[in-house]
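Engineer: Contents of protein13.cif (mmCIF, C-alpha atoms):
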data_query
#
loop_
_atom_site.label_atom_id
_atom_site.label_comp_id
_atom_site.auth_asym_id
_atom_site.auth_seq_id
_atom_site.Cartn_x
_atom_site.Cartn_y
_atom_site.Cartn_z
CA MET A 1199 96.92 173.10 -57.90
CA VAL A 1200 95.96 169.49 -57.24
CA THR A 1201 93.17 167.98 -59.34
CA LEU A 1202 91.40 164.62 -59.37
CA TYR A 1203 93.93 163.35 -61.92
CA ASP A 1204 96.81 163.74 -59.43
CA VAL A 1205 95.59 161.38 -56.72
CA PRO A 1206 94.93 157.62 -56.73
CA PRO A 1207 91.29 156.89 -57.60
CA GLU A 1208 90.70 154.52 -54.67
CA GLU A 1209 91.57 157.14 -52.07
CA LEU A 1210 89.66 159.85 -53.93
CA ILE A 1211 86.49 157.74 -54.16
CA GLU A 1212 86.75 156.78 -50.49
CA GLU A 1213 87.04 160.42 -49.39
CA LEU A 1214 84.29 161.50 -51.80
CA ALA A 1215 82.00 158.81 -50.40
CA ASP A 1216 82.59 160.11 -46.87
CA ARG A 1217 81.76 163.67 -47.93
CA LEU A 1218 78.73 162.67 -50.00
CA ALA A 1219 77.25 160.58 -47.17
CA ASP A 1220 75.21 163.49 -45.81
CA ARG A 1221 74.34 164.86 -49.28
CA LEU A 1222 72.92 161.67 -50.81
CA GLU A 1223 69.77 159.94 -49.63
CA THR A 1224 69.81 156.15 -49.91
CA PRO A 1225 66.52 154.72 -51.22
CA GLU A 1226 64.89 151.82 -49.38
CA TRP A 1227 64.96 149.51 -52.41
CA VAL A 1228 68.77 149.55 -52.74
CA GLU A 1229 69.31 146.69 -50.31
CA TYR A 1230 67.23 144.37 -52.54
CA THR A 1231 68.47 145.46 -55.98
CA LYS A 1232 71.27 143.81 -57.94
CA THR A 1233 73.69 146.13 -59.70
CA SER A 1234 73.76 144.13 -62.93
CA HIS A 1235 72.32 141.04 -64.63
CA ASP A 1236 75.54 139.16 -64.04
CA ARG A 1237 75.38 139.53 -60.25
CA GLU A 1238 73.74 136.96 -58.02
CA LEU A 1239 73.25 139.12 -54.92
CA PRO A 1240 72.73 142.80 -54.09
CA PRO A 1241 75.79 144.75 -52.89
CA GLN A 1242 76.90 143.84 -49.39
CA GLN A 1243 78.69 147.11 -48.56
CA ASP A 1244 77.05 149.36 -45.98
CA ASP A 1245 78.06 152.51 -47.87
CA PHE A 1246 77.36 151.21 -51.39
CA TRP A 1247 75.14 154.14 -52.37
CA GLU A 1248 77.73 156.75 -51.37
CA ARG A 1249 80.59 154.85 -53.02
CA ARG A 1250 78.69 154.46 -56.28
CA GLY A 1251 77.76 158.16 -56.17
CA ALA A 1252 81.40 159.11 -55.64
CA SER A 1253 82.48 156.85 -58.47
CA LEU A 1254 79.81 158.30 -60.77
CA LEU A 1255 80.84 161.86 -59.95
CA ARG A 1256 84.46 161.04 -60.78
CA LYS A 1257 83.49 159.31 -64.04
CA VAL A 1258 81.30 162.23 -65.13
CA ALA A 1259 84.11 164.67 -64.34
CA ILE A 1260 86.69 162.70 -66.33
CA GLU A 1261 84.61 161.47 -69.28
CA GLY A 1262 81.79 164.03 -69.38
CA PRO A 1263 79.56 164.81 -71.07
CA ILE A 1264 78.50 161.18 -70.72
CA GLY A 1265 75.11 159.49 -70.80
CA VAL A 1266 73.44 156.82 -68.72
CA GLU A 1267 73.94 154.11 -71.36
CA ARG A 1268 77.73 154.55 -71.49
CA LEU A 1269 77.87 154.66 -67.70
CA SER A 1270 75.84 151.46 -67.42
CA THR A 1271 78.23 149.76 -69.85
CA GLY A 1272 81.12 150.77 -67.60
CA TYR A 1273 79.42 149.37 -64.50
CA GLY A 1274 78.40 146.11 -66.20
CA GLY A 1275 80.23 142.84 -66.33
CA THR A 1276 80.51 139.48 -68.03
CA LYS A 1277 77.69 136.99 -67.73
CA GLY A 1278 78.65 133.35 -68.23
CA GLY A 1279 76.84 131.85 -71.18
CA SER A 1280 77.29 128.16 -70.49
CA ASN A 1281 75.04 126.10 -68.27
CA ARG A 1282 74.45 122.39 -68.01
CA TYR A 1283 72.12 122.37 -71.01
CA ALA A 1284 73.95 124.55 -73.53
CA VAL A 1285 77.43 125.78 -74.27
CA ALA A 1286 77.65 129.45 -75.21
CA PRO A 1287 80.29 132.16 -74.94
CA ALA A 1288 80.17 134.69 -72.14
CA THR A 1289 78.43 137.96 -73.00
CA GLN A 1290 78.84 141.54 -71.86
CA VAL A 1291 75.86 142.84 -69.87
CA ASP A 1292 75.18 146.42 -68.75
CA GLY A 1293 74.86 147.64 -65.19
CA SER A 1294 71.65 148.82 -63.58
CA THR A 1295 70.48 152.04 -65.22
CA LYS A 1296 67.98 152.67 -62.39
CA ILE A 1297 70.78 153.02 -59.83
CA ILE A 1298 72.78 155.28 -62.16
CA ARG A 1299 69.79 157.49 -63.01
CA GLU A 1300 68.76 157.91 -59.37
CA LEU A 1301 72.29 158.87 -58.34
CA LEU A 1302 72.67 161.29 -61.25
CA ILE A 1303 69.38 162.95 -60.29
CA GLN A 1304 70.53 163.32 -56.67
CA LEU A 1305 73.91 164.72 -57.74
CA GLU A 1306 72.14 167.11 -60.12
CA ASP A 1307 69.77 168.28 -57.38
CA ASP A 1308 72.82 168.91 -55.21
CA GLY A 1309 74.33 171.11 -57.93
CA LEU A 1310 77.41 168.99 -58.63
CA ILE A 1311 76.47 167.96 -62.18
CA GLN A 1312 74.23 169.33 -64.91
CA THR A 1313 72.47 167.99 -67.98
CA ALA A 1314 74.05 168.95 -71.29
CA GLN A 1315 71.18 168.98 -73.75
CA GLY A 1316 71.51 166.01 -76.10
CA GLU A 1317 75.00 165.11 -74.85
CA GLY A 1318 74.58 163.61 -71.38
CA ARG A 1319 75.77 164.97 -68.07
CA ARG A 1320 78.82 167.01 -67.10
CA THR A 1321 80.10 168.53 -63.88
CA THR A 1322 79.26 172.08 -62.91
CA ALA A 1323 81.78 174.64 -61.68
CA GLU A 1324 80.68 173.85 -58.13
CA GLY A 1325 81.22 170.14 -58.81
CA ASP A 1326 84.69 170.74 -60.20
CA ALA A 1327 85.59 172.88 -57.18
CA PHE A 1328 84.26 170.18 -54.84
CA LEU A 1329 86.33 167.50 -56.58
CA ASP A 1330 89.47 169.66 -56.52
CA GLU A 1331 88.99 170.39 -52.82
CA VAL A 1332 88.62 166.69 -52.01
CA ALA A 1333 91.60 165.83 -54.22
CA LYS A 1334 93.75 168.41 -52.41
CA ASP A 1335 92.79 166.96 -49.02
CA VAL A 1336 93.53 163.43 -50.23
CA PHE A 1337 96.85 164.56 -51.66
CA ASP A 1338 97.82 166.20 -48.37
CA ASP A 1339 97.00 162.99 -46.48
CA LEU A 1340 99.05 160.78 -48.82
CA ASP A 1341 102.51 159.78 -47.70
CA ASN A 1342 104.05 159.18 -51.12
CA PRO A 1343 107.25 161.11 -51.79
CA GLU A 1344 107.05 160.38 -55.54
CA LEU A 1345 103.83 162.41 -55.74
CA GLU A 1346 105.43 165.55 -54.28
CA ARG A 1347 106.33 166.84 -57.73
CA TYR A 1348 102.61 167.42 -58.40
CA ALA A 1349 102.16 169.75 -55.44
#
Output the structure of this file as structure tokens.

Structural biologist:
Amino acid sequence: MVTLYDVPPEELIEELADRLADRLETPEWVEYTKTSHDRELPPQQDDFWERRGASLLRKVAIEGPIGVERLSTGYGGTKGGSNRYAVAPATQVDGSTKIIRELLIQLEDDGLIQTAQGEGRRTTAEGDAFLDEVAKDVFDDLDNPELERYA
């Protein structure tokens, strides 16, 4: 049986984003919102909302139960500390918790993840089955002979 651990993450997230496109509803404010303090512009991808939802679903499945704060740390980046007036080291900044919370709520309403009281969020049985189904389809489409031992 093929699981999400057996396929490359890029292909899995791409296929998940395609399948989640009709399940997730993109809010109007997404095109104006930055994903982190260290970014200068909002995301330029047309399917950003679906890709971030697919990435979140994969992260929750692998690391769950996981909370919004740990997820925002993972989606953050490094903000340069120096400017023309002061010299300071670069600092780690968190990603947007609003985007993460909204996507987690939509995935939870869809039945793919659930809230673990006091622990964060984890995938449901339906979510695990959905991820395994997508991983199997991705694995079948791959043309890598070295991955055949996992079949």

Engineer: Evaluate the PyMOL selection byres ((chain A and resi 1257) around 12) on the structure here and hand back the selected residues as a ChimeraX atom specification.

Structural biologist: /A:1202-1203,1207,1210-1211,1250-1256,1258-1266,1268-1270,1272-1273,1298,1302,1311,1319-1321,1329

Engineer: Which residues would end up in the selection if the PyMOL selection byres ((chain A and resi 1237) around 10) were applied here, given that I need the answer as JSON, numbers by chain?

Structural biologist: {"A": [1232, 1233, 1234, 1235, 1236, 1238, 1239, 1240, 1241, 1274, 1275, 1276, 1277, 1293]}

Engineer: Between atom CA of A:Val1228 and atom CA of A:Ala1288, measure the distance and give it in Å to one decimal.

Structural biologist: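 Interatomic distance, atom CA of A:Val1228 to atom CA of A:Ala1288: 27.0 Å.
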
Engineer: Quick one: residues within 12 Å of A:Thr1224, all atoms listed in the file counted, chain neighbours fewer than 3 positions away excluded, as a PyMOL selection string?

Structural biologist: chain A and resi 1218-1221+1227-1229+1244-1251+1297+1300-1301+1304

Engineer: Only C-alpha atoms, please: the residues just picked out, written as an mmCIF file, in the coordinates of the input.

Structural biologist:
data_model
loop_
_atom_site.group_PDB
_atom_site.id
_atom_site.type_symbol
_atom_site.label_atom_id
_atom_site.label_comp_id
_atom_site.auth_asym_id
_atom_site.auth_seq_id
_atom_site.Cartn_x
_atom_site.Cartn_y
_atom_site.Cartn_z
ATOM 1 C CA LEU A 1218 78.730 162.670 -50.000
ATOM 2 C CA ALA A 1219 77.250 160.580 -47.170
ATOM 3 C CA ASP A 1220 75.210 163.490 -45.810
ATOM 4 C CA ARG A 1221 74.340 164.860 -49.280
ATOM 5 C CA TRP A 1227 64.960 149.510 -52.410
ATOM 6 C CA VAL A 1228 68.770 149.550 -52.740
ATOM 7 C CA GLU A 1229 69.310 146.690 -50.310
ATOM 8 C CA ASP A 1244 77.050 149.360 -45.980
ATOM 9 C CA ASP A 1245 78.060 152.510 -47.870
ATOM 10 C CA PHE A 1246 77.360 151.210 -51.390
ATOM 11 C CA TRP A 1247 75.140 154.140 -52.370
ATOM 12 C CA GLU A 1248 77.730 156.750 -51.370
ATOM 13 C CA ARG A 1249 80.590 154.850 -53.020
ATOM 14 C CA ARG A 1250 78.690 154.460 -56.280
ATOM 15 C CA GLY A 1251 77.760 158.160 -56.170
ATOM 16 C CA ILE A 1297 70.780 153.020 -59.830
ATOM 17 C CA GLU A 1300 68.760 157.910 -59.370
ATOM 18 C CA LEU A 1301 72.290 158.870 -58.340
ATOM 19 C CA GLN A 1304 70.530 163.320 -56.670
#

Engineer: Between A:Leu1214, A:Ala1284, A:Val1205, A:Leu1310, which residue has the minimum interatomic distance to A:Val1332, considering all atoms listed in the file?

Structural biologist: A:Leu1214

Engineer: Would you compute the distance between atom CA of A:Asp1308 and atom CA of A:Asp1216? Give it in Å to one decimal.

Structural biologist: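 Going from atom CA of A:Asp1308 over to atom CA of A:Asp1216, I get 15.6 Å.
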
Engineer: Closest to A:Val1291 among A:Gln1243, A:Val1200, A:Thr1271, A:Asn1342, using only C-alpha atoms?

Structural biologist: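 Distance minimum relative to A:Val1291 lands on A:Thr1271.
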
Engineer: Tell me which of A:Glu1267, A:Asp1341, A:Asp1335, A:Asp1292 sits closest to A:Glu1317, counting all atoms listed in the file.

Structural biologist: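 Between A:Glu1267, A:Asp1341, A:Asp1335, A:Asp1292, the residue approaching A:Glu1317 most closely is A:Glu1267.
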
Engineer: Which value, in Å to one decimal, gives the distance between atom CA of A:Arg1217 and atom CA of A:Glu1306?

Structural biologist: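 Separating atom CA of A:Arg1217 from atom CA of A:Glu1306 is a distance of 15.9 Å.
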
Engineer: Looking at A:Ala1333, A:Asp1338, A:Tyr1283, A:Met1199, which one is nearest to A:Glu1213, with distances taken over only C-alpha atoms?

Structural biologist: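 Closest to A:Glu1213, using only C-alpha atoms: A:Ala1333.
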
Engineer: Which residue, A:Leu1305, A:Glu1209, A:Gly1325, A:Thr1231, has the smallest gap to A:Asp1339 when you use all atoms listed in the file?

Structural biologist: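 That would be A:Glu1209, the residue with the smallest distance to A:Asp1339.
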
Engineer: Can you patch up stretch 1217-1228 of chain A, filling it in to all heavy atoms, and show the result as a CSV table (one decimal), in the frame of the given file?

Structural biologist:
chain,number,residue,atom,x,y,z
A,1217,ARG,N,82.3,162.3,-47.9
A,1217,ARG,CA,81.8,163.7,-47.9
A,1217,ARG,C,80.4,163.7,-48.5
A,1217,ARG,O,79.6,164.6,-48.3
A,1217,ARG,CB,82.7,164.6,-48.7
A,1217,ARG,CG,84.0,164.7,-48.0
A,1217,ARG,CD,84.7,166.0,-48.4
A,1217,ARG,NE,86.0,166.0,-47.9
A,1217,ARG,CZ,86.9,167.0,-48.1
A,1217,ARG,NH1,86.5,168.0,-48.8
A,1217,ARG,NH2,88.1,166.9,-47.6
A,1218,LEU,N,80.1,162.7,-49.4
A,1218,LEU,CA,78.7,162.7,-50.0
A,1218,LEU,C,77.7,161.9,-49.1
A,1218,LEU,O,76.5,161.9,-49.4
A,1218,LEU,CB,78.8,162.0,-51.4
A,1218,LEU,CG,79.4,162.7,-52.5
A,1218,LEU,CD1,79.6,161.8,-53.7
A,1218,LEU,CD2,78.7,164.0,-52.8
A,1219,ALA,N,78.1,161.4,-48.0
A,1219,ALA,CA,77.2,160.6,-47.2
A,1219,ALA,C,76.1,161.4,-46.7
A,1219,ALA,O,74.9,160.9,-46.6
A,1219,ALA,CB,78.0,160.0,-46.0
A,1220,ASP,N,76.3,162.7,-46.3
A,1220,ASP,CA,75.2,163.5,-45.8
A,1220,ASP,C,74.5,164.2,-46.9
A,1220,ASP,O,73.4,164.7,-46.7
A,1220,ASP,CB,75.7,164.5,-44.8
A,1220,ASP,CG,76.8,165.4,-45.3
A,1220,ASP,OD1,77.4,165.0,-46.4
A,1220,ASP,OD2,77.1,166.4,-44.7
A,1221,ARG,N,75.0,164.2,-48.1
A,1221,ARG,CA,74.3,164.9,-49.3
A,1221,ARG,C,73.4,163.9,-50.0
A,1221,ARG,O,72.5,164.4,-50.7
A,1221,ARG,CB,75.4,165.4,-50.3
A,1221,ARG,CG,76.2,166.6,-49.7
A,1221,ARG,CD,77.2,167.0,-50.8
A,1221,ARG,NE,77.5,168.4,-50.6
A,1221,ARG,CZ,78.1,169.1,-51.5
A,1221,ARG,NH1,78.5,168.6,-52.6
A,1221,ARG,NH2,78.4,170.4,-51.2
A,1222,LEU,N,73.7,162.6,-50.0
A,1222,LEU,CA,72.9,161.7,-50.8
A,1222,LEU,C,72.0,160.9,-49.9
A,1222,LEU,O,72.3,160.6,-48.8
A,1222,LEU,CB,73.8,160.7,-51.5
A,1222,LEU,CG,74.8,161.2,-52.5
A,1222,LEU,CD1,75.7,160.1,-53.1
A,1222,LEU,CD2,74.1,161.9,-53.7
A,1223,GLU,N,70.8,160.7,-50.4
A,1223,GLU,CA,69.8,159.9,-49.6
A,1223,GLU,C,69.6,158.5,-50.2
A,1223,GLU,O,69.2,158.4,-51.4
A,1223,GLU,CB,68.4,160.7,-49.7
A,1223,GLU,CG,67.4,160.1,-48.9
A,1223,GLU,CD,66.1,160.9,-48.9
A,1223,GLU,OE1,66.2,162.1,-49.1
A,1223,GLU,OE2,65.0,160.2,-48.8
A,1224,THR,N,69.9,157.5,-49.4
A,1224,THR,CA,69.8,156.2,-49.9
A,1224,THR,C,68.4,155.7,-50.0
A,1224,THR,O,67.7,155.7,-49.0
A,1224,THR,CB,70.6,155.2,-49.0
A,1224,THR,OG1,71.9,155.7,-48.8
A,1224,THR,CG2,70.7,153.8,-49.5
A,1225,PRO,N,67.9,155.2,-51.1
A,1225,PRO,CA,66.5,154.7,-51.2
A,1225,PRO,C,66.4,153.4,-50.5
A,1225,PRO,O,67.3,152.7,-50.3
A,1225,PRO,CB,66.3,154.5,-52.7
A,1225,PRO,CG,67.4,155.2,-53.4
A,1225,PRO,CD,68.5,155.3,-52.4
A,1226,GLU,N,65.1,153.1,-50.1
A,1226,GLU,CA,64.9,151.8,-49.4
A,1226,GLU,C,65.1,150.6,-50.2
A,1226,GLU,O,65.5,149.5,-49.7
A,1226,GLU,CB,63.4,151.8,-48.9
A,1226,GLU,CG,63.1,152.9,-47.9
A,1226,GLU,CD,61.7,153.0,-47.5
A,1226,GLU,OE1,60.9,152.1,-48.0
A,1226,GLU,OE2,61.3,153.9,-46.8
A,1227,TRP,N,64.9,150.7,-51.5
A,1227,TRP,CA,65.0,149.5,-52.4
A,1227,TRP,C,66.4,149.1,-52.7
A,1227,TRP,O,66.6,148.0,-53.4
A,1227,TRP,CB,64.2,149.8,-53.7
A,1227,TRP,CG,64.5,151.0,-54.4
A,1227,TRP,CD1,63.8,152.2,-54.3
A,1227,TRP,CD2,65.6,151.3,-55.3
A,1227,TRP,NE1,64.4,153.2,-55.1
A,1227,TRP,CE2,65.5,152.7,-55.7
A,1227,TRP,CE3,66.7,150.6,-55.8
A,1227,TRP,CZ2,66.4,153.3,-56.5
A,1227,TRP,CZ3,67.6,151.2,-56.6
A,1227,TRP,CH2,67.4,152.5,-57.0
A,1228,VAL,N,67.4,149.9,-52.3
A,1228,VAL,CA,68.8,149.6,-52.7
A,1228,VAL,C,69.3,148.2,-52.1
A,1228,VAL,O,70.0,147.5,-52.8
A,1228,VAL,CB,69.7,150.7,-52.3
A,1228,VAL,CG1,71.2,150.3,-52.4
A,1228,VAL,CG2,69.4,151.9,-53.2
